[in-house]
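Asker: Structure file query05.cif (mmCIF, C-alpha atoms) is given on the next line.
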data_data
loop_
_atom_site.label_atom_id
_atom_site.label_comp_id
_atom_site.auth_asym_id
_atom_site.auth_seq_id
_atom_site.Cartn_x
_atom_site.Cartn_y
_atom_site.Cartn_z
CA MET O 291 74.23 132.63 42.87
CA THR O 292 71.18 130.46 43.33
CA GLN O 293 68.24 131.16 41.12
CA SER O 294 64.61 130.26 40.81
CA HIS O 295 63.24 127.65 38.47
CA GLU O 296 61.86 130.50 36.34
CA THR O 297 65.31 132.00 35.87
CA SER O 298 66.66 128.63 34.85
CA SER O 299 63.92 128.32 32.24
CA GLU O 300 64.84 131.74 30.95
CA ASN O 301 68.47 130.65 30.58
CA LEU O 302 67.43 127.57 28.66
CA LYS O 303 65.25 129.73 26.42
CA LYS O 304 68.16 132.13 25.89
CA LEU O 305 70.44 129.28 24.87
CA ARG O 306 67.75 127.82 22.62
CA ASP O 307 67.39 131.19 20.90
CA LEU O 308 71.16 131.39 20.42
CA ILE O 309 71.64 127.97 18.87
CA GLN O 310 68.36 127.11 17.18
CA ASP O 311 69.21 128.51 13.76
CA ILE O 312 72.76 127.11 13.63
CA GLU O 313 72.74 124.02 11.44
CA TYR O 314 76.09 122.47 12.40
CA ALA O 315 77.95 122.44 15.70
CA MET O 316 81.52 121.28 16.24
CA LEU O 317 81.67 118.35 18.66
CA THR O 318 85.08 118.12 20.36
CA THR O 319 86.21 114.86 21.95
CA ILE O 320 89.43 113.54 23.47
CA ASN O 321 91.16 110.51 21.97
CA GLU O 322 93.19 107.84 23.71
CA GLU O 323 96.34 109.90 23.35
CA GLY O 324 94.75 112.93 24.97
CA GLU O 325 94.42 114.78 21.65
CA LEU O 326 91.37 116.92 20.98
CA HIS O 327 89.38 116.31 17.81
CA SER O 328 86.35 118.11 16.50
CA ARG O 329 83.95 117.51 13.66
CA PRO O 330 80.74 119.13 12.37
CA MET O 331 77.50 117.57 13.55
CA ALA O 332 74.00 118.32 12.30
CA THR O 333 72.08 119.92 15.14
CA ASN O 334 68.44 118.94 14.56
CA ARG O 335 67.83 122.58 15.12
CA GLU O 336 64.10 122.46 15.56
CA VAL O 337 64.42 120.30 18.64
CA GLU O 338 63.65 121.93 21.96
CA PHE O 339 66.79 122.43 24.03
CA ASP O 340 66.22 121.44 27.65
CA GLY O 341 69.87 121.24 28.71
CA ASP O 342 70.65 118.13 26.67
CA VAL O 343 71.99 118.13 23.13
CA TRP O 344 71.37 115.11 20.89
CA PHE O 345 73.24 113.95 17.79
CA PHE O 346 72.61 110.98 15.55
CA THR O 347 75.62 108.73 15.10
CA TYR O 348 76.82 105.32 14.06
CA ALA O 349 77.49 103.46 17.30
CA SER O 350 80.67 101.97 15.83
CA SER O 351 82.16 105.34 14.85
CA TYR O 352 85.47 106.51 16.23
CA LYS O 353 83.97 109.45 18.10
CA VAL O 354 81.76 107.03 20.06
CA PHE O 355 84.91 105.09 20.96
CA GLU O 356 86.42 108.35 22.18
CA ILE O 357 83.30 109.26 24.15
CA ASN O 358 83.11 105.86 25.81
CA ARG O 359 86.68 106.33 26.97
CA ASN O 360 86.30 109.95 28.06
CA HIS O 361 82.84 111.44 28.51
CA GLN O 362 83.98 115.06 28.55
CA VAL O 363 83.06 116.92 25.37
CA ASN O 364 82.54 120.40 24.07
CA VAL O 365 79.90 121.48 21.59
CA SER O 366 80.61 124.81 19.92
CA TYR O 367 78.35 126.85 17.67
CA ALA O 368 79.54 129.60 15.35
CA ALA O 369 77.34 132.05 13.50
CA PRO O 370 79.92 134.46 12.07
CA ASP O 371 77.29 136.55 10.26
CA LYS O 372 75.64 137.28 13.63
CA GLN O 373 78.96 137.52 15.51
CA ARG O 374 77.61 134.83 17.80
CA TYR O 375 79.65 132.03 19.38
CA VAL O 376 78.47 129.46 21.93
CA SER O 377 80.44 126.91 23.96
CA LEU O 378 78.66 124.06 25.73
CA SER O 379 80.72 121.94 28.14
CA GLY O 380 79.12 118.64 28.95
CA ILE O 381 79.16 114.93 29.45
CA ALA O 382 78.44 112.68 26.48
CA GLU O 383 76.97 109.21 26.45
CA LEU O 384 75.70 106.80 23.83
CA VAL O 385 71.95 106.20 23.91
CA ARG O 386 70.15 103.44 22.03
CA ASP O 387 66.47 104.15 22.42
CA ARG O 388 64.05 103.48 19.60
CA GLN O 389 61.47 105.90 20.95
CA LYS O 390 64.01 108.73 21.21
CA LEU O 391 65.35 107.98 17.73
CA GLU O 392 61.81 108.26 16.37
CA GLU O 393 61.15 111.43 18.28
CA LEU O 394 64.31 113.19 17.01
CA TRP O 395 64.42 111.82 13.46
CA LYS O 396 64.34 114.35 10.62
CA PRO O 397 64.02 113.47 6.93
CA GLN O 398 67.28 115.27 6.09
CA LEU O 399 69.17 112.72 8.21
CA GLN O 400 68.52 110.24 5.42
CA ALA O 401 71.68 111.59 3.74
CA TRP O 402 73.79 109.96 6.47
CA PHE O 403 71.50 107.08 7.37
CA PRO O 404 69.95 105.70 4.17
CA LYS O 405 68.11 103.05 6.20
CA GLY O 406 66.74 105.61 8.60
CA ILE O 407 66.22 104.45 12.17
CA ASP O 408 66.16 100.87 10.91
CA GLU O 409 69.93 101.18 10.45
CA PRO O 410 71.29 98.52 12.85
CA ASP O 411 74.24 100.67 13.94
CA ILE O 412 72.28 103.89 14.49
CA ALA O 413 72.39 105.50 17.91
CA LEU O 414 72.28 108.85 19.64
CA ILE O 415 74.96 110.84 21.40
CA LYS O 416 73.41 112.65 24.35
CA VAL O 417 75.37 115.57 25.74
CA SER O 418 74.28 116.69 29.21
CA VAL O 419 75.36 120.31 29.29
CA LYS O 420 76.97 121.49 32.52
CA LYS O 421 78.09 124.92 31.47
CA ALA O 422 77.29 127.25 28.62
CA GLU O 423 79.10 130.35 27.55
CA TYR O 424 78.15 132.66 24.74
CA TRP O 425 79.47 135.71 23.00
CA ASP O 426 77.05 137.86 21.09
CA SER O 427 80.01 139.80 19.80
CA PRO O 428 83.50 138.32 19.99
CA SER O 429 84.99 141.80 20.32
CA SER O 430 83.54 141.91 23.82
CA LEU O 431 85.83 140.91 26.66
CA VAL O 432 82.81 139.58 28.49
CA ALA O 433 81.40 136.10 28.08
CA ASN O 434 77.94 135.34 29.37
CA THR O 435 78.18 132.21 31.42
CA ILE O 436 75.36 129.90 32.40
CA SER O 437 75.91 126.89 34.60
CA LEU O 438 73.35 124.16 34.17
CA VAL O 439 73.28 122.07 37.29
CA LYS O 440 70.15 120.06 37.12
CA GLY O 441 67.77 119.74 40.00
CA ALA O 442 67.40 116.03 39.35
CA VAL O 443 71.08 115.51 40.01
CA THR O 444 71.76 117.88 42.86
CA GLY O 445 68.33 118.45 44.43
CA LYS O 446 68.98 122.15 43.98
CA PRO O 447 67.83 124.55 41.31
CA ALA O 448 70.18 125.43 38.50
CA ASP O 449 73.01 127.78 39.30
CA VAL O 450 73.88 130.70 37.13
CA SER O 451 76.49 133.40 37.01
CA GLU O 452 75.98 135.95 34.33
CA HIS O 453 78.43 138.36 32.80
CA GLU O 454 81.42 136.60 34.21
CA LYS O 455 84.52 138.27 32.90
CA LEU O 456 86.39 135.99 30.57
CA GLU O 457 89.20 137.26 28.46
CA LEU O 458 88.61 136.61 24.83
CA LYS O 459 92.22 136.71 23.74
CA MET J 184 101.82 107.33 3.61
CA THR J 185 105.02 109.31 3.39
CA GLN J 186 105.09 112.30 1.14
CA SER J 187 107.59 114.69 -0.35
CA HIS J 188 108.30 118.14 0.99
CA GLU J 189 106.37 119.54 -1.97
CA THR J 190 103.25 117.63 -1.01
CA SER J 191 103.56 118.94 2.52
CA SER J 192 103.75 122.48 1.20
CA GLU J 193 100.64 121.85 -0.85
CA ASN J 194 98.81 120.66 2.27
CA LEU J 195 99.83 123.76 4.16
CA LYS J 196 98.65 125.90 1.26
CA LYS J 197 95.35 124.01 1.21
CA LEU J 198 94.82 124.61 4.91
CA ARG J 199 95.80 128.25 4.54
CA ASP J 200 93.22 128.65 1.78
CA LEU J 201 90.56 127.02 3.97
CA ILE J 202 91.10 129.15 7.06
CA GLN J 203 92.45 132.45 5.82
CA ASP J 204 89.11 134.22 5.46
CA ILE J 205 87.64 132.97 8.75
CA GLU J 206 87.91 135.75 11.31
CA TYR J 207 87.30 133.79 14.53
CA ALA J 208 88.23 130.25 15.50
CA MET J 209 87.04 128.37 18.57
CA LEU J 210 89.96 127.39 20.81
CA THR J 211 89.09 124.37 22.97
CA THR J 212 91.07 123.65 26.13
CA ILE J 213 90.79 121.26 29.06
CA ASN J 214 90.40 122.57 32.59
CA GLU J 215 91.66 121.05 35.84
CA GLU J 216 88.47 119.00 36.18
CA GLY J 217 88.84 117.53 32.71
CA GLU J 218 86.05 119.68 31.25
CA LEU J 219 86.35 121.05 27.74
CA HIS J 220 85.90 124.77 27.20
CA SER J 221 85.96 126.75 24.01
CA ARG J 222 85.95 130.43 23.18
CA PRO J 223 86.24 132.55 20.04
CA MET J 224 89.69 133.83 19.19
CA ALA J 225 90.62 136.37 16.52
CA THR J 226 92.68 134.57 13.90
CA ASN J 227 94.98 137.26 12.48
CA ARG J 228 93.81 135.89 9.22
CA GLU J 229 96.37 137.52 7.01
CA VAL J 230 99.19 135.67 8.72
CA GLU J 231 100.88 132.92 6.75
CA PHE J 232 100.02 129.51 8.12
CA ASP J 233 103.10 127.28 8.31
CA GLY J 234 101.66 124.63 10.63
CA ASP J 235 101.55 126.88 13.70
CA VAL J 236 98.57 128.97 14.75
CA TRP J 237 99.13 132.08 16.88
CA PHE J 238 96.70 133.94 19.12
CA PHE J 239 97.22 137.04 21.23
CA THR J 240 96.34 136.60 24.89
CA TYR J 241 96.73 137.96 28.36
CA ALA J 242 99.29 135.69 30.02
CA SER J 243 97.26 135.71 33.24
CA SER J 244 94.04 134.56 31.57
CA TYR J 245 92.30 131.37 32.60
CA LYS J 246 92.84 129.66 29.25
CA VAL J 247 96.60 130.09 29.67
CA PHE J 248 96.28 128.43 33.07
CA GLU J 249 94.46 125.57 31.36
CA ILE J 250 97.05 125.32 28.59
CA ASN J 251 99.95 125.29 31.05
CA ARG J 252 98.29 122.38 32.80
CA ASN J 253 97.32 120.48 29.65
CA HIS J 254 98.89 121.40 26.33
CA GLN J 255 96.36 119.55 24.17
CA VAL J 256 93.99 121.89 22.35
CA ASN J 257 91.69 122.00 19.38
CA VAL J 258 91.19 124.95 17.07
CA SER J 259 88.03 124.76 14.98
CA TYR J 260 86.94 127.00 12.15
CA ALA J 261 83.38 127.28 10.85
CA ALA J 262 82.29 129.05 7.68
CA PRO J 263 78.63 128.00 7.48
CA ASP J 264 78.00 130.07 4.33
CA LYS J 265 80.68 128.02 2.54
CA GLN J 266 79.73 124.75 4.26
CA ARG J 267 83.33 124.58 5.41
CA TYR J 268 84.54 123.22 8.76
CA VAL J 269 88.13 122.71 9.90
CA SER J 270 89.53 120.96 12.97
CA LEU J 271 93.14 121.46 14.02
CA SER J 272 94.50 119.22 16.78
CA GLY J 273 97.65 120.53 18.35
CA ILE J 274 99.86 121.39 21.26
CA ALA J 275 99.62 124.85 22.77
CA GLU J 276 102.26 126.82 24.60
CA LEU J 277 102.65 130.36 25.88
CA VAL J 278 105.24 132.44 24.05
CA ARG J 279 106.56 135.78 25.24
CA ASP J 280 108.64 137.15 22.39
CA ARG J 281 108.68 140.85 21.61
CA GLN J 282 109.80 140.29 18.04
CA LYS J 283 107.00 137.81 17.34
CA LEU J 284 104.45 140.12 18.99
CA GLU J 285 105.57 142.93 16.70
CA GLU J 286 105.50 140.67 13.67
CA LEU J 287 101.93 139.46 14.30
CA TRP J 288 100.39 142.64 15.68
CA LYS J 289 97.38 144.04 13.82
CA PRO J 290 95.74 147.42 14.55
CA GLN J 291 92.36 145.77 15.20
CA LEU J 292 93.87 143.99 18.23
CA GLN J 293 93.81 147.36 19.97
CA ALA J 294 90.20 146.58 20.96
CA TRP J 295 91.46 143.90 23.35
CA PHE J 296 94.87 145.37 24.14
CA PRO J 297 94.54 149.13 24.49
CA LYS J 298 98.24 149.42 25.31
CA GLY J 299 99.22 147.34 22.30
CA ILE J 300 102.31 145.22 22.66
CA ASP J 301 103.43 147.47 25.52
CA GLU J 302 100.74 145.77 27.62
CA PRO J 303 102.78 144.08 30.39
CA ASP J 304 100.59 140.97 30.45
CA ILE J 305 100.45 140.45 26.67
CA ALA J 306 101.65 137.15 25.25
CA LEU J 307 101.04 134.72 22.43
CA ILE J 308 99.51 131.28 22.40
CA LYS J 309 101.32 129.15 19.85
CA VAL J 310 99.50 126.04 18.66
CA SER J 311 101.70 123.50 16.88
CA VAL J 312 99.24 121.64 14.70
CA LYS J 313 99.66 117.87 14.55
CA LYS J 314 96.56 116.94 12.60
CA ALA J 315 94.09 118.82 10.47
CA GLU J 316 90.74 117.66 9.22
CA TYR J 317 88.39 119.56 7.00
CA TRP J 318 84.94 119.22 5.53
CA ASP J 319 84.12 121.24 2.47
CA SER J 320 80.55 120.05 2.86
CA PRO J 321 79.36 118.61 6.16
CA SER J 322 76.87 116.40 4.34
CA SER J 323 79.83 114.34 3.16
CA LEU J 324 80.73 111.29 5.19
CA VAL J 325 84.34 111.85 4.25
CA ALA J 326 86.73 114.10 6.10
CA ASN J 327 89.96 115.12 4.47
CA THR J 328 92.69 114.47 6.96
CA ILE J 329 96.17 115.95 6.98
CA SER J 330 98.77 114.98 9.54
CA LEU J 331 101.44 117.56 10.13
CA VAL J 332 104.47 115.89 11.56
CA LYS J 333 107.28 118.32 11.24
CA GLY J 334 110.66 117.40 9.86
CA ALA J 335 112.40 119.38 12.55
CA VAL J 336 110.90 117.18 15.21
CA THR J 337 111.00 113.75 13.61
CA GLY J 338 113.71 114.06 10.99
CA LYS J 339 111.14 112.80 8.52
CA PRO J 340 108.94 114.66 6.08
CA ALA J 341 105.34 115.33 6.98
CA ASP J 342 102.93 112.45 6.85
CA VAL J 343 99.58 112.70 5.20
CA SER J 344 96.56 110.55 4.69
CA GLU J 345 93.89 112.04 2.53
CA HIS J 346 90.24 111.17 2.23
CA GLU J 347 90.23 109.11 5.37
CA LYS J 348 86.70 107.98 6.05
CA LEU J 349 85.31 109.65 9.11
CA GLU J 350 81.67 109.43 9.96
CA LEU J 351 80.11 112.79 10.36
CA LYS J 352 77.23 111.67 12.51
#
Output the file's structure as structure tokens, nothing else.

Answerer:
Amino acid sequence: MTQSHETSSENLKKLRDLIQDIEYAMLTTINEEGELHSRPMATNREVEFDGDVWFFTYASSYKVFEINRNHQVNVSYAAPDKQRYVSLSGIAELVRDRQKLEELWKPQLQAWFPKGIDEPDIALIKVSVKKAEYWDSPSSLVANTISLVKGAVTGKPADVSEHEKLELK
Amino acid sequence: MTQSHETSSENLKKLRDLIQDIEYAMLTTINEEGELHSRPMATNREVEFDGDVWFFTYASSYKVFEINRNHQVNVSYAAPDKQRYVSLSGIAELVRDRQKLEELWKPQLQAWFPKGIDEPDIALIKVSVKKAEYWDSPSSLVANTISLVKGAVTGKPADVSEHEKLELK
């Protein structure tokens, strides 16, 4: 169903609320043999979620190699204590943008990047989210599904279907 | 490096210890458009892990459609309170085997399968794990990597490389 801009904003807010206190997401990529890998990624959780997810990375890392070969990724969030699980399906790309690095930088990232944003190999992985699904309780057979189709791309407002039935097991 | 059967058993035990108390894993599959989806799956956590992961499913579910089209999957486990993250890369297949269903059945599965294993559409997803990676603390730049290459398939003992460097960000 087509929705208004307001409804789309509400969906983004809902997703933001779901993921903002989850410190690590699993980023799943596809390697050259078609195998799926995942690894924990710090989420910069204070950052406003507008449909894009950003991760700091070394540009020369293997996951960037995988992303450059196949842009399809999944970002999953698990908060077992809240029985909350989120799946974001999207398109990943490498971004080298000093201004964006400065904007997103958090002091705790120093653990991975001792030189901070002056690290020559530092870059960002941008994931443009196309579809989000979330489970507030995994024992439910129903996944809430949000499709994020951006106006800038399609000229149409975001599309959403809620409460799509999706078997959990 | 090649290892003895004993070392392989130790790796399986290590993985079992890492995942056995995690109630839900995220199963990531690839759809017909190449997009990556994930969803929480109950893990039957008491089951002995021998290199295969089993999930109950409805055979007619969309994820089974995805798996039949592309067998590559990822199973990820997150225990944020323990700072523990596990990625299993493997090959999924649908298994319809009454004996295996009986063996793996747990009373709590009744929530999803009211008819139990008499449900006509019930089946199992078997994931043969080829590679496991785990992070005991995500702030480490090092992932512990275990390759599970089964003797039955290759005629050789399992291969393992530990402490492979893998950038986290």

Asker: Quick one: 3 Å padding each side, axis-aligned, all listed atoms of stretch 225-234 of chain J - centre and edge lengths in Å to one decimal, as lines of an AutoDock Vina configuration file?

Answerer:
center_x = 96.9
center_y = 131.1
center_z = 11.6
size_x = 18.5
size_y = 18.9
size_z = 15.8

Asker: Excluding J:Leu198 and its own-chain neighbours fewer than 5 positions away, which residues fall within 12 Å of it when counting all atoms listed in the file? Please give them as a PyMOL selection string.

Answerer: chain J and resi 191-193+203-205+231-236+260+267-271+312+314-319+327-331

Asker: Would you save the residues from that selection as a PDB file, keeping the file's coordinate frame, using C-alpha atoms?

Answerer:
ATOM      1  CA  SER J 191     103.560 118.940   2.520  1.00  0.00           C
ATOM      2  CA  SER J 192     103.750 122.480   1.200  1.00  0.00           C
ATOM      3  CA  GLU J 193     100.640 121.850  -0.850  1.00  0.00           C
ATOM      4  CA  GLN J 203      92.450 132.450   5.820  1.00  0.00           C
ATOM      5  CA  ASP J 204      89.110 134.220   5.460  1.00  0.00           C
ATOM      6  CA  ILE J 205      87.640 132.970   8.750  1.00  0.00           C
ATOM      7  CA  GLU J 231     100.880 132.920   6.750  1.00  0.00           C
ATOM      8  CA  PHE J 232     100.020 129.510   8.120  1.00  0.00           C
ATOM      9  CA  ASP J 233     103.100 127.280   8.310  1.00  0.00           C
ATOM     10  CA  GLY J 234     101.660 124.630  10.630  1.00  0.00           C
ATOM     11  CA  ASP J 235     101.550 126.880  13.700  1.00  0.00           C
ATOM     12  CA  VAL J 236      98.570 128.970  14.750  1.00  0.00           C
ATOM     13  CA  TYR J 260      86.940 127.000  12.150  1.00  0.00           C
ATOM     14  CA  ARG J 267      83.330 124.580   5.410  1.00  0.00           C
ATOM     15  CA  TYR J 268      84.540 123.220   8.760  1.00  0.00           C
ATOM     16  CA  VAL J 269      88.130 122.710   9.900  1.00  0.00           C
ATOM     17  CA  SER J 270      89.530 120.960  12.970  1.00  0.00           C
ATOM     18  CA  LEU J 271      93.140 121.460  14.020  1.00  0.00           C
ATOM     19  CA  VAL J 312      99.240 121.640  14.700  1.00  0.00           C
ATOM     20  CA  LYS J 314      96.560 116.940  12.600  1.00  0.00           C
ATOM     21  CA  ALA J 315      94.090 118.820  10.470  1.00  0.00           C
ATOM     22  CA  GLU J 316      90.740 117.660   9.220  1.00  0.00           C
ATOM     23  CA  TYR J 317      88.390 119.560   7.000  1.00  0.00           C
ATOM     24  CA  TRP J 318      84.940 119.220   5.530  1.00  0.00           C
ATOM     25  CA  ASP J 319      84.120 121.240   2.470  1.00  0.00           C
ATOM     26  CA  ASN J 327      89.960 115.120   4.470  1.00  0.00           C
ATOM     27  CA  THR J 328      92.690 114.470   6.960  1.00  0.00           C
ATOM     28  CA  ILE J 329      96.170 115.950   6.980  1.00  0.00           C
ATOM     29  CA  SER J 330      98.770 114.980   9.540  1.00  0.00           C
ATOM     30  CA  LEU J 331     101.440 117.560  10.130  1.00  0.00           C
TER      31      LEU J 331
END

Asker: Apply the PyMOL selection byres ((chain O) within 9 of (chain J)) to the displayed file and report the matching residues as a PyMOL selection string.

Answerer: chain O and resi 312-316+318-319+324-332+345-348+351-353+362-371+375-381+401-403+421+423-425+428-431+433+456-459

Asker: If we count all atoms listed in the file, what is near J:Ile300 at a cut-off of 9 Å, once residues fewer than 6 positions away on the same chain are taken out, given as a list in words?

Answerer: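 The neighbour list is Arg281, Leu284, Glu285, Trp288 and Ala306 of chain J.
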
Asker: Since the input has fewer atoms than a full residue there, write stretch 363-382 of chain O out with N, CA, C and O atoms, as a compact mmCIF listing (two decimals), keeping the file's coordinate frame.

Answerer:
# COMPACT_ATOMS: atom_id res chain seq x y z
N VAL O 363 83.09 116.38 26.74
CA VAL O 363 83.06 116.92 25.37
C VAL O 363 82.74 118.41 25.41
O VAL O 363 82.31 118.95 26.43
N ASN O 364 82.98 119.02 24.27
CA ASN O 364 82.54 120.40 24.07
C ASN O 364 81.74 120.45 22.78
O ASN O 364 82.07 119.77 21.80
N VAL O 365 80.69 121.23 22.80
CA VAL O 365 79.90 121.48 21.59
C VAL O 365 79.95 122.98 21.33
O VAL O 365 79.54 123.76 22.20
N SER O 366 80.52 123.37 20.20
CA SER O 366 80.61 124.81 19.92
C SER O 366 79.80 125.16 18.68
O SER O 366 79.71 124.39 17.73
N TYR O 367 79.20 126.34 18.75
CA TYR O 367 78.35 126.85 17.67
C TYR O 367 78.94 128.18 17.21
O TYR O 367 79.26 129.04 18.04
N ALA O 368 79.04 128.34 15.91
CA ALA O 368 79.54 129.60 15.35
C ALA O 368 78.56 130.12 14.31
O ALA O 368 78.19 129.41 13.40
N ALA O 369 78.14 131.35 14.50
CA ALA O 369 77.34 132.05 13.50
C ALA O 369 78.05 133.36 13.19
O ALA O 369 77.72 134.39 13.76
N PRO O 370 79.07 133.27 12.31
CA PRO O 370 79.92 134.46 12.07
C PRO O 370 79.12 135.67 11.58
O PRO O 370 79.44 136.81 11.93
N ASP O 371 78.06 135.42 10.80
CA ASP O 371 77.29 136.55 10.26
C ASP O 371 76.57 137.31 11.37
O ASP O 371 76.26 138.48 11.24
N LYS O 372 76.30 136.63 12.48
CA LYS O 372 75.64 137.28 13.63
C LYS O 372 76.65 137.60 14.73
O LYS O 372 76.26 138.08 15.80
N GLN O 373 77.93 137.32 14.49
CA GLN O 373 78.96 137.52 15.51
C GLN O 373 78.58 136.81 16.81
O GLN O 373 78.68 137.36 17.90
N ARG O 374 78.11 135.59 16.65
CA ARG O 374 77.61 134.83 17.80
C ARG O 374 78.38 133.51 17.91
O ARG O 374 78.50 132.77 16.92
N TYR O 375 78.88 133.25 19.12
CA TYR O 375 79.65 132.03 19.38
C TYR O 375 79.18 131.44 20.71
O TYR O 375 78.97 132.18 21.68
N VAL O 376 78.98 130.14 20.73
CA VAL O 376 78.47 129.46 21.93
C VAL O 376 79.35 128.25 22.23
O VAL O 376 79.73 127.50 21.32
N SER O 377 79.69 128.08 23.50
CA SER O 377 80.44 126.91 23.96
C SER O 377 79.60 126.16 24.99
O SER O 377 79.16 126.75 25.99
N LEU O 378 79.36 124.90 24.75
CA LEU O 378 78.66 124.06 25.73
C LEU O 378 79.64 123.00 26.23
O LEU O 378 80.20 122.23 25.44
N SER O 379 79.87 122.97 27.53
CA SER O 379 80.72 121.94 28.14
C SER O 379 79.80 120.90 28.76
O SER O 379 78.91 121.25 29.54
N GLY O 380 80.05 119.65 28.43
CA GLY O 380 79.12 118.64 28.95
C GLY O 380 79.70 117.24 28.96
O GLY O 380 80.88 117.02 28.67
N ILE O 381 78.83 116.34 29.33
CA ILE O 381 79.16 114.93 29.45
C ILE O 381 78.37 114.17 28.38
O ILE O 381 77.14 114.30 28.32
N ALA O 382 79.09 113.40 27.58
CA ALA O 382 78.44 112.68 26.48
C ALA O 382 78.26 111.22 26.81
O ALA O 382 79.08 110.61 27.51
